[in-house]
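Everything below concerns the one structure shown next.
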Amino acid sequence: MQDIITYRRDALNSYRLILDPPPAVKKKIAVAKTRLDAFFPGTPLSGGMPFIYLARFAAFESEEERITEPLQKVALGAMPFRIHLKGFDHTTHTEMYIRIAETDWVNSVVDKVSAITGPWRDVHFNRLPRISLARNLSSWQFDRVWPYFENETFQNQFIINKMLLLRKWEGHHSWQIVKHFLFENQLIEG
């Protein structure tokens, strides 16, 4: 009898590392997003999910464990911290977002993650932590909505005590949570 050889293709998946606000904060962000979308009935704006993304990258499925182990070490050495959302801002008239008042703690986590020599490809680390409301705005869309949001107040504070790794399998559209990494403020050697 002849042996059957099976080959498994190693998929190149997309990943995001994020900070996920609590549900009450997400609800307040959703209200702001709804107000923004109301300017363009029937044409929802492409925009952000209510989270703060730290990094995005691609990696082969077989390398996932080599990604999660160093991220776990980063989380073990980080301490929970307060995030203060304060007001709206924009980047070059194409993206509107909710500003994070002090970004030192978030940038510290991004710096530690960017120091990892992981098996990732097409990596991008977020150097402007924020919560996006709308991206890829055309100039006329931006000119229409920005005057209403420019002086609008938006404030909220919350404690963030973990980061999440999300995965989108090759050929799929939805994201799944791969792992929660709790910030535990422990001394990590090497």
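Please note that chains go A, B, ... in the order of the structure tokens, that every chain numbers its residues from 1, and that ligands are numbered from 1 in the order shown.
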List as CSV every residue of range 17-119 of chain A that is in contact with range 144-148 of chain A, defined as an atom at most 10 Å from one of its atoms (using only C-alpha atoms), together with the nearest atom pair and the distance in Å rounded to one decimal, sorted by chain and then rising number.
residue,atom,partner,partner_atom,distance
A:Arg35,CA,A:Val145,CA,9.8
A:Leu36,CA,A:Val145,CA,7.2
A:Asp37,CA,A:Val145,CA,9.5
A:Ala38,CA,A:Val145,CA,9.9
A:Phe39,CA,A:Val145,CA,7.1
A:Phe40,CA,A:Val145,CA,9.6
A:Phe88,CA,A:Trp146,CA,9.3
A:Asp89,CA,A:Trp146,CA,8.9
A:His90,CA,A:Trp146,CA,8.6
A:His93,CA,A:Trp146,CA,8.8
A:Met96,CA,A:Trp146,CA,8.2
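When the distance limit is 9 Å and only C-alpha atoms are what count, the residues near range 54-64 of chain A, minus those fewer than 5 positions from it on the same chain, are Asp10, Ala11, Leu12, Asn13, Ser14, Tyr15, Arg16, Leu17, Ile18, Leu19, Glu69, Val106, Asn107, Val109, Val110, Val113, Ser114, Pro119, Trp120, Arg121, Asp122, Val123, His124, Phe125, Asn126, Arg127, Pro129, Met163 and Trp169 of chain A.
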Create the file for the chosen residues now, containing N, CA and C atoms and written as a short mmCIF file (atom, residue, chain, number, x, y, z; two decimals), in the first residue's frame.
data_model
loop_
_atom_site.label_atom_id
_atom_site.label_comp_id
_atom_site.auth_asym_id
_atom_site.auth_seq_id
_atom_site.Cartn_x
_atom_site.Cartn_y
_atom_site.Cartn_z
N ASP A 10 1.30 26.85 4.74
CA ASP A 10 1.48 27.73 5.89
C ASP A 10 0.95 29.12 5.51
N ALA A 11 -0.21 29.47 6.07
CA ALA A 11 -0.88 30.72 5.70
C ALA A 11 -0.14 31.93 6.27
N LEU A 12 -0.13 33.00 5.48
CA LEU A 12 0.42 34.27 5.93
C LEU A 12 -0.75 35.09 6.46
N ASN A 13 -0.85 35.22 7.78
CA ASN A 13 -1.96 35.90 8.43
C ASN A 13 -1.60 37.34 8.77
N SER A 14 -2.63 38.16 8.93
CA SER A 14 -2.47 39.54 9.38
C SER A 14 -2.71 39.58 10.88
N TYR A 15 -1.96 40.45 11.57
CA TYR A 15 -2.08 40.58 13.02
C TYR A 15 -2.16 42.05 13.39
N ARG A 16 -2.85 42.32 14.49
CA ARG A 16 -2.87 43.65 15.10
C ARG A 16 -2.67 43.48 16.59
N LEU A 17 -1.87 44.35 17.15
CA LEU A 17 -1.69 44.42 18.59
C LEU A 17 -2.38 45.69 19.04
N ILE A 18 -3.35 45.58 19.96
CA ILE A 18 -4.18 46.73 20.31
C ILE A 18 -4.33 46.88 21.82
N LEU A 19 -4.75 48.09 22.21
CA LEU A 19 -5.26 48.36 23.55
C LEU A 19 -6.77 48.54 23.38
N GLU A 69 5.20 34.65 22.58
CA GLU A 69 6.11 34.55 23.73
C GLU A 69 6.79 35.88 24.07
N VAL A 106 1.74 54.69 26.50
CA VAL A 106 1.44 53.94 25.28
C VAL A 106 2.70 53.82 24.42
N ASN A 107 3.41 54.93 24.26
CA ASN A 107 4.64 54.90 23.46
C ASN A 107 5.70 54.00 24.08
N VAL A 109 5.12 51.17 25.66
CA VAL A 109 4.76 49.81 25.25
C VAL A 109 5.13 49.59 23.79
N VAL A 110 4.84 50.57 22.92
CA VAL A 110 5.19 50.46 21.50
C VAL A 110 6.70 50.30 21.34
N VAL A 113 7.72 46.76 22.28
CA VAL A 113 7.31 45.81 21.25
C VAL A 113 8.19 45.95 20.01
N SER A 114 8.53 47.18 19.63
CA SER A 114 9.35 47.38 18.43
C SER A 114 10.78 46.88 18.61
N PRO A 119 9.33 37.21 14.10
CA PRO A 119 9.28 36.70 12.72
C PRO A 119 8.25 37.43 11.87
N TRP A 120 7.95 38.66 12.21
CA TRP A 120 6.90 39.36 11.47
C TRP A 120 7.41 40.03 10.21
N ARG A 121 6.47 40.26 9.31
CA ARG A 121 6.74 40.89 8.02
C ARG A 121 5.80 42.09 7.88
N ASP A 122 6.16 43.01 7.02
CA ASP A 122 5.34 44.19 6.75
C ASP A 122 4.89 44.86 8.05
N VAL A 123 5.82 45.02 8.96
CA VAL A 123 5.48 45.53 10.30
C VAL A 123 5.36 47.05 10.29
N HIS A 124 4.39 47.55 11.05
CA HIS A 124 4.22 48.99 11.23
C HIS A 124 3.87 49.24 12.69
N PHE A 125 4.68 50.06 13.35
CA PHE A 125 4.43 50.42 14.75
C PHE A 125 3.79 51.80 14.78
N ASN A 126 2.76 51.94 15.59
CA ASN A 126 2.01 53.19 15.65
C ASN A 126 2.72 54.19 16.54
N ARG A 127 3.22 55.26 15.97
CA ARG A 127 3.91 56.31 16.73
C ARG A 127 2.99 57.47 17.09
N PRO A 129 -0.39 57.33 18.93
CA PRO A 129 -1.52 56.61 19.54
C PRO A 129 -2.78 57.48 19.54
N MET A 163 -3.10 44.19 26.71
CA MET A 163 -3.14 44.40 25.27
C MET A 163 -3.64 43.10 24.64
N TRP A 169 -7.14 35.57 9.52
CA TRP A 169 -6.61 34.52 8.68
C TRP A 169 -6.59 34.94 7.23
#
How many Å separate CA of Glu184 in chain A from CA of Ile159 in chain A?
-> 13.3 Å
